[in-house]
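Pasted below: final_35.txt, compact mmCIF, C-alpha atoms.
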```txt
# COMPACT_ATOMS: atom_id res chain seq x y z
CA MET A 1 29.57 -64.70 -30.56
CA PRO A 2 30.65 -63.81 -26.99
CA ARG A 3 33.24 -61.02 -26.84
CA VAL A 4 36.27 -61.60 -24.61
CA LEU A 5 38.73 -58.93 -23.52
CA LEU A 6 42.07 -60.65 -23.01
CA ALA A 7 44.45 -58.47 -20.99
CA ASP A 8 47.96 -59.91 -20.75
CA ASP A 9 51.37 -58.35 -21.40
CA ASP A 10 52.95 -61.73 -22.21
CA ASP A 11 52.69 -62.11 -25.99
CA ALA A 12 53.26 -65.87 -25.93
CA VAL A 13 50.53 -66.48 -23.38
CA GLY A 14 48.19 -63.99 -25.00
CA ASN A 15 48.62 -65.47 -28.47
CA MET A 16 47.98 -68.99 -27.20
CA LEU A 17 44.85 -68.02 -25.29
CA GLN A 18 43.53 -65.98 -28.20
CA VAL A 19 43.95 -68.81 -30.72
CA MET A 20 42.34 -71.39 -28.46
CA LEU A 21 39.40 -69.18 -27.45
CA GLU A 22 38.73 -68.16 -31.05
CA ARG A 23 38.63 -71.85 -31.98
CA ASP A 24 35.84 -72.18 -29.42
CA ALA A 25 33.76 -69.46 -31.12
CA PHE A 26 34.74 -66.51 -28.91
CA GLU A 27 35.56 -63.11 -30.38
CA VAL A 28 38.81 -62.10 -28.65
CA VAL A 29 40.08 -58.54 -28.25
CA ARG A 30 43.66 -58.22 -26.99
CA ALA A 31 45.09 -55.58 -24.65
CA ALA A 32 48.78 -55.67 -23.73
CA THR A 33 48.73 -52.86 -21.15
CA VAL A 34 46.47 -51.63 -18.36
CA ARG A 35 45.95 -48.34 -20.23
CA GLU A 36 44.89 -50.15 -23.40
CA ALA A 37 42.53 -52.41 -21.45
CA LEU A 38 40.89 -49.44 -19.71
CA GLY A 39 40.41 -47.71 -23.04
CA ARG A 40 38.71 -50.80 -24.47
CA ILE A 41 36.47 -51.21 -21.43
CA ALA A 42 35.37 -47.58 -21.62
CA THR A 43 34.44 -47.69 -25.31
CA GLU A 44 33.41 -51.27 -26.13
CA ASN A 45 31.08 -53.99 -24.82
CA PHE A 46 32.37 -57.31 -23.53
CA ASP A 47 30.83 -60.48 -22.14
CA VAL A 48 34.03 -61.78 -20.55
CA LEU A 49 37.29 -60.44 -19.13
CA VAL A 50 40.35 -62.66 -18.80
CA SER A 51 43.11 -60.59 -17.19
CA ASP A 52 46.58 -61.33 -15.90
CA LEU A 53 46.93 -60.01 -12.36
CA HIS A 54 50.52 -58.88 -12.93
CA MET A 55 51.00 -56.74 -16.03
CA PRO A 56 53.80 -55.93 -15.51
CA GLN A 57 53.77 -55.07 -11.80
CA ALA A 58 52.16 -57.24 -9.15
CA GLY A 59 48.48 -56.36 -8.79
CA ASP A 60 48.23 -54.13 -11.89
CA GLY A 61 45.39 -56.29 -13.17
CA PHE A 62 43.24 -55.18 -10.23
CA THR A 63 42.70 -51.87 -12.04
CA VAL A 64 41.39 -53.73 -15.09
CA VAL A 65 39.14 -55.98 -13.00
CA SER A 66 37.66 -53.01 -11.13
CA ALA A 67 37.02 -51.13 -14.35
CA MET A 68 35.25 -54.10 -15.91
CA ARG A 69 33.10 -54.74 -12.83
CA HIS A 70 32.07 -51.07 -12.68
CA THR A 71 31.49 -50.56 -16.40
CA HIS A 72 30.16 -53.99 -17.39
CA PRO A 73 28.83 -55.48 -14.13
CA ASP A 74 27.29 -58.52 -15.83
CA ALA A 75 30.48 -59.59 -17.61
CA VAL A 76 32.24 -62.75 -16.45
CA THR A 77 35.50 -61.58 -14.89
CA LEU A 78 38.39 -64.04 -14.56
CA VAL A 79 41.86 -63.30 -13.19
CA LEU A 80 45.02 -65.27 -13.98
CA SER A 81 47.72 -65.26 -11.32
CA GLY A 82 51.04 -67.06 -11.15
CA TYR A 83 51.35 -66.15 -7.48
CA PRO A 84 48.32 -67.52 -5.58
CA GLU A 85 50.14 -67.01 -2.29
CA LEU A 86 49.66 -63.23 -2.53
CA ASP A 87 46.60 -63.35 -0.31
CA GLU A 88 46.67 -59.66 0.47
CA ALA A 89 46.24 -58.84 -3.22
CA LEU A 90 43.84 -61.65 -4.02
CA ALA A 91 41.53 -60.81 -1.13
CA ALA A 92 40.60 -57.54 -2.81
CA ILE A 93 40.45 -59.15 -6.24
CA ARG A 94 38.01 -61.84 -5.06
CA LEU A 95 35.49 -59.17 -4.10
CA GLN A 96 35.13 -58.18 -7.75
CA ALA A 97 36.30 -61.13 -9.86
CA ASP A 98 34.16 -64.19 -10.50
CA GLU A 99 37.17 -66.43 -10.03
CA VAL A 100 40.96 -66.32 -9.59
CA LEU A 101 42.72 -68.95 -11.70
CA VAL A 102 46.26 -70.13 -11.11
CA LYS A 103 48.70 -70.20 -14.02
CA PRO A 104 49.36 -72.28 -15.99
CA ILE A 105 45.73 -73.12 -16.70
CA GLU A 106 44.51 -75.69 -19.20
CA ILE A 107 42.64 -74.12 -22.10
CA ALA A 108 39.88 -76.71 -21.85
CA SER A 109 39.32 -75.74 -18.21
CA LEU A 110 39.27 -72.03 -19.06
CA ARG A 111 36.69 -72.58 -21.80
CA LYS A 112 34.49 -74.63 -19.48
CA ILE A 113 34.67 -72.01 -16.71
CA ILE A 114 33.73 -69.22 -19.11
CA ARG A 115 30.80 -71.18 -20.56
CA ASP A 116 29.52 -72.26 -17.13
CA LYS A 117 29.65 -68.76 -15.68
CA MET A 118 27.98 -67.23 -18.72
CA ALA A 119 25.22 -69.82 -18.43
CA HIS A 120 24.80 -69.16 -14.69
CA PRO A 121 25.41 -65.44 -14.02
CA ALA A 122 26.41 -64.56 -10.47
CA GLY A 123 24.13 -61.53 -10.28
CA HIS A 124 26.64 -59.03 -8.92
CA ARG A 125 25.35 -56.20 -6.82
CA PRO A 126 26.12 -52.70 -8.11
CA ILE A 127 29.22 -51.30 -6.42
CA PRO A 128 28.80 -47.79 -4.95
CA LEU A 129 31.00 -45.38 -6.85
CA GLU A 130 32.70 -42.11 -5.94
CA SER A 131 34.09 -39.46 -8.19
CA VAL A 132 37.84 -38.91 -8.12
CA ALA A 133 37.19 -35.42 -6.73
CA SER A 134 35.17 -36.83 -3.83
CA ILE A 135 37.83 -39.42 -3.02
CA LEU A 136 40.58 -36.78 -2.98
CA GLU A 137 38.43 -34.52 -0.84
CA ARG A 138 37.76 -37.30 1.67
CA GLU A 139 41.38 -38.46 1.69
CA LEU A 140 42.94 -34.98 1.81
CA ASP A 141 44.83 -35.50 5.07
CA THR A 142 46.00 -38.97 4.05
CA THR A 143 47.37 -37.63 0.76
CA ILE A 144 49.28 -34.89 2.58
CA TYR A 145 50.79 -37.29 5.12
CA ASN A 146 51.78 -39.70 2.35
CA TRP A 147 53.36 -36.82 0.45
CA MET A 148 55.34 -35.87 3.56
CA ALA A 149 56.51 -39.46 4.03
CA LEU A 150 57.88 -39.50 0.47
CA VAL A 151 59.53 -36.11 0.89
CA GLU A 152 61.27 -37.31 4.05
CA GLN A 153 62.91 -40.05 1.99
CA ASP A 154 64.46 -37.51 -0.38
CA GLU A 155 67.94 -36.48 0.76
CA GLU A 156 68.01 -33.28 -1.28
CA LEU A 157 64.66 -31.97 -0.06
CA THR A 158 65.39 -32.75 3.59
CA ARG A 159 68.64 -30.78 3.49
CA ILE A 160 66.47 -27.75 4.15
CA PRO A 161 65.10 -28.27 7.67
CA LEU A 162 61.45 -27.27 7.88
CA SER A 163 58.62 -28.04 10.28
CA PHE A 164 55.69 -30.13 9.10
CA GLN A 165 53.57 -27.00 8.77
CA ASP A 166 56.25 -25.08 6.83
CA ARG A 167 56.74 -28.04 4.52
CA THR A 168 53.08 -28.87 3.87
CA GLY A 169 51.25 -25.63 4.59
CA TYR A 170 50.59 -24.89 0.92
CA LEU A 171 49.30 -28.36 0.03
CA PRO A 172 45.65 -28.06 1.18
CA ASN A 173 45.10 -25.07 -1.11
CA LEU A 174 46.78 -26.71 -4.10
CA LEU A 175 44.85 -29.94 -3.60
CA ALA A 176 41.64 -27.94 -3.22
CA ALA A 177 42.39 -26.39 -6.61
CA VAL A 178 42.84 -29.87 -8.12
CA ILE A 179 39.51 -30.99 -6.65
CA TYR A 180 37.78 -27.82 -7.91
CA ARG A 181 39.22 -28.36 -11.40
CA LEU A 182 38.01 -31.97 -11.46
CA ARG A 183 34.46 -30.75 -10.85
CA LEU A 184 34.53 -28.28 -13.72
CA PRO A 185 33.40 -29.23 -17.26
CA SER A 186 36.00 -31.30 -19.08
CA ILE A 187 36.81 -28.43 -21.48
CA ALA A 188 37.74 -26.12 -18.61
CA LYS A 189 41.30 -24.83 -18.51
CA ALA A 190 43.62 -24.27 -15.58
CA HIS A 191 43.35 -20.80 -14.07
CA ILE A 192 45.88 -18.55 -12.42
CA SER A 193 46.41 -19.82 -8.88
CA SER A 194 47.22 -17.40 -6.09
CA ALA A 195 48.17 -20.42 -3.95
CA ALA A 196 50.73 -21.58 -6.51
CA HIS A 197 52.04 -18.03 -6.86
CA ALA A 198 52.52 -17.72 -3.08
CA HIS A 199 54.11 -21.15 -2.95
CA GLY A 200 56.79 -20.19 -5.47
CA ILE A 201 57.70 -17.07 -3.50
CA LEU A 202 57.82 -19.02 -0.21
CA ARG A 203 60.03 -21.79 -1.57
CA CYS A 204 62.44 -19.20 -2.96
CA GLN A 205 62.64 -17.58 0.47
CA GLN A 206 63.18 -20.97 2.10
CA GLY A 207 66.17 -21.68 -0.14
CA TYR A 208 64.70 -24.28 -2.49
CA SER A 209 66.29 -24.77 -5.90
CA ALA A 210 64.17 -25.00 -9.04
CA ALA A 211 64.95 -28.72 -9.26
CA MET A 212 63.67 -29.24 -5.72
CA MET A 213 60.37 -27.57 -6.60
CA VAL A 214 59.99 -29.82 -9.63
CA GLU A 215 60.67 -32.88 -7.46
CA GLU A 216 58.08 -31.79 -4.88
CA SER A 217 55.52 -31.42 -7.66
CA ARG A 218 56.36 -34.89 -8.98
CA ILE A 219 55.88 -36.33 -5.50
CA LEU A 220 52.53 -34.58 -5.26
CA GLN A 221 51.29 -36.36 -8.38
CA VAL A 222 52.59 -39.68 -7.04
CA SER A 223 50.77 -39.09 -3.74
CA ILE A 224 47.50 -38.25 -5.49
CA PHE A 225 47.68 -41.37 -7.63
CA ASN A 226 48.58 -43.49 -4.62
CA THR A 227 45.41 -42.24 -2.94
CA LEU A 228 43.38 -43.29 -5.97
CA GLN A 229 45.16 -46.65 -6.08
CA ASN A 230 44.15 -47.26 -2.46
CA ASN A 231 40.52 -46.50 -3.33
CA LEU A 232 40.20 -48.42 -6.58
CA SER A 233 37.15 -50.33 -5.43
CA LYS A 234 35.25 -47.01 -5.19
CA VAL A 235 36.56 -45.22 -8.32
CA ASP A 236 34.13 -44.38 -11.12
CA PHE A 237 36.11 -45.82 -14.02
CA SER A 238 33.86 -44.29 -16.64
CA LYS A 239 35.66 -40.98 -16.03
CA VAL A 240 38.98 -42.01 -14.54
CA LEU A 241 41.15 -41.55 -17.65
CA LEU A 242 39.94 -37.98 -18.17
CA ASP A 243 40.33 -37.28 -14.43
CA VAL A 244 43.93 -38.54 -14.43
CA MET A 245 44.76 -36.24 -17.35
CA THR A 246 43.06 -33.34 -15.59
CA ILE A 247 45.05 -33.97 -12.39
CA ALA A 248 48.34 -34.07 -14.28
CA ASP A 249 47.48 -30.90 -16.20
CA GLU A 250 46.43 -29.01 -13.06
CA VAL A 251 49.52 -30.00 -11.06
CA ASP A 252 51.79 -29.08 -13.99
CA SER A 253 50.01 -25.75 -14.34
CA GLN A 254 50.49 -25.04 -10.65
CA LEU A 255 54.18 -25.87 -10.96
CA LYS A 256 54.54 -23.49 -13.90
CA GLN A 257 52.92 -20.67 -11.95
CA ALA A 258 55.02 -21.40 -8.86
CA MET A 259 58.19 -21.34 -10.98
CA LEU A 260 57.19 -18.00 -12.49
CA SER A 261 56.76 -16.41 -9.06
CA TYR A 262 59.94 -18.15 -7.86
CA VAL A 263 61.84 -16.22 -10.55
CA ASP A 264 59.72 -13.06 -10.44
CA PRO A 265 57.38 -12.41 -7.47
CA THR A 266 55.40 -9.89 -9.54
CA SER A 267 54.53 -12.42 -12.25
CA LEU A 268 51.01 -13.33 -11.09
CA GLY A 269 49.30 -10.97 -13.48
CA THR A 270 51.28 -12.19 -16.47
CA SER A 271 50.65 -15.92 -16.12
CA SER A 272 48.44 -17.39 -18.83
CA PRO A 273 45.97 -20.20 -18.25
CA VAL A 274 47.39 -23.55 -19.26
CA ALA A 275 45.20 -25.92 -21.26
```
Re-express the file's structure as structure tokens.
Amino acid sequence: MPRVLLADDDDAVGNMLQVMLERDAFEVVRAATVREALGRIATENFDVLVSDLHMPQAGDGFTVVSAMRHTHPDAVTLVLSGYPELDEALAAIRLQADEVLVKPIEIASLRKIIRDKMAHPAGHRPIPLESVASILERELDTTIYNWMALVEQDEELTRIPLSFQDRTGYLPNLLAAVIYRLRLPSIAKAHISSAAHAHGILRCQQGYSAAMMVEESRILQVSIFNTLQNNLSKVDFSKVLLDVMTIADEVDSQLKQAMLSYVDPTSLGTSSPVA
């Protein structure tokens, strides 16, 4: 019995597709979110993916499609889109999906497409993969410039006039620490960071509030994840969930250490590693 991963956040559509595909002798596994779909792809085997392209945001399904193509390259991968005019999104999708189908689609047509493509595999070439650490290392400057662009849109942060160097000077070292942490064994814990310690002291001297430091750290995570989003076709999805958790943990640990030195410049020796 062919196994189908059905990724759609619309319960009505998902229920209808599941019932009809199960009637046609498919085993259907449902996923209502991108996170749930990625978890299924990483731990289970599937012959077919049927994914909504927009769940809930436009293009979210691209993450699911990329993960399936990387993890199960021989699976039939079909994308459902209610907005076929979004050529800029679909162009990338078409490189990895077997076909993009326009909603609403007739169930009989969907069944026929699945059966035909399973009977005549496309023979996809393996897609070269990069680790998250390698992508961040290669895109270091881009991540910093994107971070700066987001900071410049924040009225509170820009109330303190700083040059580009004064604003971003600490970022290469903090990003280097993130990259280093990603390359450590998964059980490794965050270590005391002299860069984060120095950053907290500097921001205090520059007149930042604690809230401003927290906001800068949030923007850093957003910038890192934007970099990964822009390189989805190269991401090794077999490790991406663990890498995302590691990034969040490392950035939060750096913020904690920066806040400690912000309050007490002598606190470096008293900071504890954060799991």
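Atom to atom, CA of Leu110 in chain A and CA of Ala97 in chain A stand 14.6 Å apart.
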Can you list every residue of range 133-197 of chain A that has an atom at most 8 Å from range 224-231 of chain A, with its nearest atom pair and the distance in Å to one decimal, using only C-alpha atoms, ordered by chain then number, as a tab-separated table?
```
residue	atom	partner	partner_atom	distance
A:Ile135	CA	A:Leu228	CA	7.4
A:Leu136	CA	A:Thr227	CA	7.3
A:Glu139	CA	A:Thr227	CA	7.2
A:Thr142	CA	A:Thr227	CA	7.7
A:Thr143	CA	A:Thr227	CA	6.2
```
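With distances taken over all atoms listed in the file, A:Arg111 is the one residue among A:Lys117, A:Arg111, A:Arg35, A:His54 lying closest to Glu22 in chain A.
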Query - Interatomic distance (Å, one decimal) between CA of Lys112 in chain A and CA of Val48 in chain A - result: 12.9 Å
Requested in this report: Figure out the distance between CA of Met245 in chain A and CA of Arg183 in chain A, please, to one decimal in Å.
Outcome: 13.4 Å
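With only C-alpha atoms as the atoms that count, the minimum distance from Asp154 in chain A to the choices A:Asp24, A:Asp11, A:Glu216, A:Asp98 is reached by A:Glu216.
All residues of protein, DNA or RNA that reach within 12 Å of Pro161 in chain A, judged by all atoms listed in the file and not counting those fewer than 6 positions away in the chain, are Val151, Glu152, Glu155, Arg167, Gln206, Gly207 and Tyr208 of chain A.
If you measure from each of A:Asp252, A:Glu99, A:Asp236, A:Asp8 to Ala133 in chain A using all atoms listed in the file, the closest one turns out to be A:Asp236.
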Query - From A:Ala198, A:Ile114, A:Lys103, A:Met68, residue lying nearest Pro2 in chain A [only C-alpha atoms] - result: A:Ile114
Query raised in the report: Quick one: of A:Tyr262, A:Trp147, A:Phe164, A:Tyr170, who's nearest to Ser209 in chain A, counting only C-alpha atoms?
Result: A:Tyr262
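For Met148 in chain A, the residues within 12 Å (counting only C-alpha atoms, excluding itself and residues fewer than 5 positions away along the chain) are Asp141, Thr142, Thr143, Gln153, Asp154, Leu157, Thr158, Leu162, Ser163, Phe164, Gln165, Asp166, Arg167, Thr168, Gly169, Leu171, Glu216, Ile219, Leu220, Val222 and Ser223 of chain A.
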Using the atoms already present, construct N, CA and C atoms for range 250-269 of chain A and hand them back as an mmCIF file, keeping the file's coordinate frame.
```cif
data_model
loop_
_atom_site.group_PDB
_atom_site.id
_atom_site.type_symbol
_atom_site.label_atom_id
_atom_site.label_comp_id
_atom_site.auth_asym_id
_atom_site.auth_seq_id
_atom_site.Cartn_x
_atom_site.Cartn_y
_atom_site.Cartn_z
ATOM 1 N N GLU A 250 46.567 -30.021 -14.114
ATOM 2 C CA GLU A 250 46.430 -29.010 -13.060
ATOM 3 C C GLU A 250 47.703 -28.905 -12.228
ATOM 4 N N VAL A 251 48.286 -30.031 -11.866
ATOM 5 C CA VAL A 251 49.520 -30.000 -11.060
ATOM 6 C C VAL A 251 50.657 -29.369 -11.860
ATOM 7 N N ASP A 252 50.748 -29.687 -13.148
ATOM 8 C CA ASP A 252 51.790 -29.080 -13.990
ATOM 9 C C ASP A 252 51.572 -27.579 -14.129
ATOM 10 N N SER A 253 50.309 -27.172 -14.250
ATOM 11 C CA SER A 253 50.010 -25.750 -14.340
ATOM 12 C C SER A 253 50.398 -25.020 -13.060
ATOM 13 N N GLN A 254 50.107 -25.633 -11.920
ATOM 14 C CA GLN A 254 50.490 -25.040 -10.650
ATOM 15 C C GLN A 254 52.001 -24.914 -10.525
ATOM 16 N N LEU A 255 52.717 -25.934 -10.998
ATOM 17 C CA LEU A 255 54.180 -25.870 -10.960
ATOM 18 C C LEU A 255 54.693 -24.727 -11.828
ATOM 19 N N LYS A 256 54.121 -24.575 -13.009
ATOM 20 C CA LYS A 256 54.540 -23.490 -13.900
ATOM 21 C C LYS A 256 54.350 -22.133 -13.221
ATOM 22 N N GLN A 257 53.195 -21.949 -12.587
ATOM 23 C CA GLN A 257 52.920 -20.670 -11.950
ATOM 24 C C GLN A 257 53.826 -20.438 -10.736
ATOM 25 N N ALA A 258 54.105 -21.523 -10.000
ATOM 26 C CA ALA A 258 55.020 -21.400 -8.860
ATOM 27 C C ALA A 258 56.426 -21.054 -9.331
ATOM 28 N N MET A 259 56.855 -21.627 -10.452
ATOM 29 C CA MET A 259 58.190 -21.340 -10.980
ATOM 30 C C MET A 259 58.269 -19.893 -11.455
ATOM 31 N N LEU A 260 57.188 -19.387 -12.041
ATOM 32 C CA LEU A 260 57.190 -18.000 -12.490
ATOM 33 C C LEU A 260 57.362 -17.038 -11.310
ATOM 34 N N SER A 261 56.639 -17.293 -10.219
ATOM 35 C CA SER A 261 56.760 -16.410 -9.060
ATOM 36 C C SER A 261 58.072 -16.637 -8.313
ATOM 37 N N TYR A 262 58.627 -17.843 -8.441
ATOM 38 C CA TYR A 262 59.940 -18.150 -7.860
ATOM 39 C C TYR A 262 61.001 -17.242 -8.497
ATOM 40 N N VAL A 263 60.880 -17.058 -9.820
ATOM 41 C CA VAL A 263 61.840 -16.220 -10.550
ATOM 42 C C VAL A 263 61.486 -14.743 -10.421
ATOM 43 N N ASP A 264 60.169 -14.449 -10.474
ATOM 44 C CA ASP A 264 59.720 -13.060 -10.440
ATOM 45 C C ASP A 264 58.454 -12.960 -9.578
ATOM 46 N N PRO A 265 58.555 -12.467 -8.358
ATOM 47 C CA PRO A 265 57.380 -12.410 -7.470
ATOM 48 C C PRO A 265 56.233 -11.568 -7.990
ATOM 49 N N THR A 266 56.467 -10.739 -8.997
ATOM 50 C CA THR A 266 55.400 -9.890 -9.540
ATOM 51 C C THR A 266 54.712 -10.510 -10.731
ATOM 52 N N SER A 267 54.981 -11.797 -10.997
ATOM 53 C CA SER A 267 54.530 -12.420 -12.250
ATOM 54 C C SER A 267 53.093 -12.886 -12.255
ATOM 55 N N LEU A 268 52.355 -12.776 -11.147
ATOM 56 C CA LEU A 268 51.010 -13.330 -11.090
ATOM 57 C C LEU A 268 50.112 -12.802 -12.208
ATOM 58 N N GLY A 269 50.187 -11.534 -12.461
ATOM 59 C CA GLY A 269 49.300 -10.970 -13.480
ATOM 60 C C GLY A 269 49.684 -11.313 -14.886
#
```
